[in-house]
Amino acid sequence: MKIVSVKNLKEGMELAKPIYDKYGRILLQKHMKLSPAIISRLNDGGITYVYIRDKDTEDIAIIPPIPEEQRLEAIQKIRESFDTMKKNDFMKNSYLIDSHANELGDIVNEITNELSKKKEVIHYLSDILVTDDYVYNHSINVSIYTLALAKELKMKAKETELIGLGAILHDLGKLLVPKDILNKKGSLTDEEFGIIKSHTELGFDLLRKSHHIPLLVAHCAYQHHERLDGSGYPRGITEKEIHPFAKIIGVSDVFDAVTSNRVYRDAMLPHEGLEILYAGAGKKFDKKLVELFKRTVALYPNGLTIYLNDQRVGVVVRQNPSAYERPVVRILRENDRNVQPYDLDLSETLEVMIIDSD
Ligand SMILES: [Fe+2]
């Protein structure tokens, strides 16, 4: 299968994976052939990329970090937990959070378990799902990246559970921020930006009142937007004052935010998201964490179309564990002409460069 941007979809293309709605229900079946009506529906549904089946890329596998069903189930559980908390005026009833703490802890353990079985880097584009409820999807994605980093850092089981819970709950305060401000398309006024920033303090207040949630988890919500150079918020604290967990969650948060589709802009690809982290490495983000992140996610996920500097175009077949920036590519076109497909290992052809992808 290959990844195709919704902008480049054509009538008759066949879906290689189902597409789900925000409740985890199948919206479009696997093997469905795309009609113009479906293509425009995908455009409207906020989808950026879809997996398409074709004969030249039939054998290319895209292995998600956790099984798709499990991810959808986890998103629903997070949605239920967060919604119950919100409905019950949870500023006054913080005990409600306690009843959900165990359930969220189970999600953390399941993700940790799945990641421990995997040797591959994470390659999935985080917005295959149609969703207008960004927070739930984002919570699970940030947890996956954070727990993958925790694994690389060889964190102990207890610490892993804590940071995982911190990652799931880091944006809890956003439930108290009006949706029209969160999803505003134009630029924000200072006042609106102030309201968005307050999600860190709101989340902290909520979580620290809970008897079942360790204070450190509340601090993850409080500090995940703080940056090493003091340019973050809410307090503008610096390197030594920021808890290591908040630094890790902060990196995962930025990566998922820029590689996800938002109402106000399209998603970036993983290598572009990583550029953003590199631009801030040492200033905003811990340089070692950024390096580690690069080894945790696939820069060019399997199935992605890439353009080479010698006029060749191909689809990523698999990753090179020793050089993630130079995957194996199945060449399909040369000088604007289709060719008999063949695989090219970019780690063995260093003179060839990737110049673009879509
Ligand atoms: Fe946040």
# chains A, B, ... in the order shown; residues from 1 in each chain; ligands from 1
$ select_by_dssp --residues "range 77-325 of chain A" --states "alpha helix (DSSP H)" --output "number ranges by chain"
A: 77-87, 95-117, 134-152, 157-169, 179-182, 190-197, 199-208, 215-223, 244-259, 270-280, 287-296
$ closest_atom_pairs --of "chain A" --to "ligand 1" --cutoff "8 Å" --atoms "only C-alpha atoms and all ligand atoms" --output "tab-separated table"
residue	atom	partner	partner_atom_place_in_ligand_line	distance
A:His170	CA	ligand 1	1 (Fe)	6.4
A:Asp171	CA	ligand 1	1 (Fe)	4.8
A:Lys174	CA	ligand 1	1 (Fe)	7.5
A:Lys197	CA	ligand 1	1 (Fe)	7.8
A:His199	CA	ligand 1	1 (Fe)	6.8
A:Thr200	CA	ligand 1	1 (Fe)	6.5
A:Ala221	CA	ligand 1	1 (Fe)	7.4
A:His224	CA	ligand 1	1 (Fe)	6.5
A:His225	CA	ligand 1	1 (Fe)	6.3
A:Asp253	CA	ligand 1	1 (Fe)	7.2
$ atom_distance --atom1 "CA of Met268 in chain A" --atom2 "CA of Tyr49 in chain A"
10.9 Å
$ residues_around --residues "range 346-352 of chain A" --least-positions-apart "5" --cutoff "10 Å" --atoms "only C-alpha atoms" --output "PyMOL selection string"
chain A and resi 308-310+312+319-320+322-329
$ residues_around --residues "range 339-341 of chain A" --least-positions-apart "6" --cutoff "12 Å" --atoms "only C-alpha atoms" --output "JSON list (two decimals) with N, CA and C atoms, in the first residue's frame"
[["chain", "number", "residue", "atom", "x", "y", "z"],
["A", 55, "LYS", "N", -0.93, -2.24, -7.19],
["A", 55, "LYS", "CA", -0.18, -3.49, -7.41],
["A", 55, "LYS", "C", 1.33, -3.32, -7.22],
["A", 56, "ASP", "N", 1.85, -2.14, -7.52],
["A", 56, "ASP", "CA", 3.30, -1.94, -7.40],
["A", 56, "ASP", "C", 3.77, -1.86, -5.95],
["A", 57, "THR", "N", 2.85, -1.57, -5.04],
["A", 57, "THR", "CA", 3.25, -1.39, -3.64],
["A", 57, "THR", "C", 2.50, -2.36, -2.72],
["A", 58, "GLU", "N", 1.93, -3.39, -3.32],
["A", 58, "GLU", "CA", 1.11, -4.38, -2.60],
["A", 58, "GLU", "C", 1.81, -4.94, -1.35],
["A", 312, "ARG", "N", 14.14, 10.65, -10.08],
["A", 312, "ARG", "CA", 13.43, 9.40, -9.83],
["A", 312, "ARG", "C", 12.37, 9.63, -8.74],
["A", 313, "VAL", "N", 11.27, 8.89, -8.86],
["A", 313, "VAL", "CA", 10.19, 9.00, -7.88],
["A", 313, "VAL", "C", 9.86, 7.60, -7.40],
["A", 314, "GLY", "N", 9.72, 7.44, -6.08],
["A", 314, "GLY", "CA", 9.43, 6.10, -5.57],
["A", 314, "GLY", "C", 8.63, 6.15, -4.28],
["A", 315, "VAL", "N", 8.36, 4.95, -3.76],
["A", 315, "VAL", "CA", 7.58, 4.81, -2.53],
["A", 315, "VAL", "C", 8.45, 4.08, -1.50],
["A", 317, "VAL", "N", 9.74, 1.58, 0.98],
["A", 317, "VAL", "CA", 9.43, 0.16, 1.18],
["A", 317, "VAL", "C", 9.65, -0.25, 2.63],
["A", 329, "VAL", "N", 13.70, 2.45, -1.11],
["A", 329, "VAL", "CA", 12.62, 3.07, -1.89],
["A", 329, "VAL", "C", 12.32, 2.22, -3.13],
["A", 330, "ARG", "N", 11.04, 2.03, -3.43],
["A", 330, "ARG", "CA", 10.69, 1.35, -4.69],
["A", 330, "ARG", "C", 10.51, 2.41, -5.77],
["A", 331, "ILE", "N", 11.40, 2.38, -6.73],
["A", 331, "ILE", "CA", 11.35, 3.38, -7.80],
["A", 331, "ILE", "C", 10.26, 3.01, -8.80],
["A", 332, "LEU", "N", 9.38, 3.97, -9.07],
["A", 332, "LEU", "CA", 8.27, 3.73, -10.00],
["A", 332, "LEU", "C", 8.35, 4.62, -11.24],
["A", 333, "ARG", "N", 9.04, 5.75, -11.10],
["A", 333, "ARG", "CA", 9.12, 6.68, -12.24],
["A", 333, "ARG", "C", 10.54, 7.25, -12.37]]
$ atom_distance --atom1 "CA of Leu304 in chain A" --atom2 "CA of Lys2 in chain A"
6.1 Å
$ residues_around --residues "Ile140 in chain A" --least-positions-apart "6" --cutoff "8 Å" --atoms "only C-alpha atoms" --output "number ranges by chain"
A: 71, 74-75, 168
$ write_last_selection --atoms "C-alpha atoms" --output "compact mmCIF listing (two decimals), in the first residue's frame"
# COMPACT_ATOMS: atom_id res chain seq x y z
CA ARG A 71 -5.86 2.84 19.50
CA ALA A 74 -8.23 3.94 23.84
CA ILE A 75 -9.44 7.15 22.17
CA ILE A 168 -2.59 11.27 28.54
$ select_by_dssp --residues "range 51-215 of chain A" --states "strand (DSSP E or B)" --output "list of chain:residue names"
A:Tyr51, A:Ile52, A:Arg53, A:Ile122
$ atom_distance --atom1 "CA of Phe285 in chain A" --atom2 "CA of Phe255 in chain A"
11.5 Å
$ residues_around --residues "Glu226 in chain A" --least-positions-apart "4" --cutoff "8 Å" --atoms "only C-alpha atoms" --output "PyMOL selection string"
chain A and resi 230-238+242+246-247+250
$ residues_around --residues "Tyr307 in chain A" --least-positions-apart "3" --cutoff "6 Å" --atoms "only C-alpha atoms" --output "number ranges by chain"
A: 313, 354-357
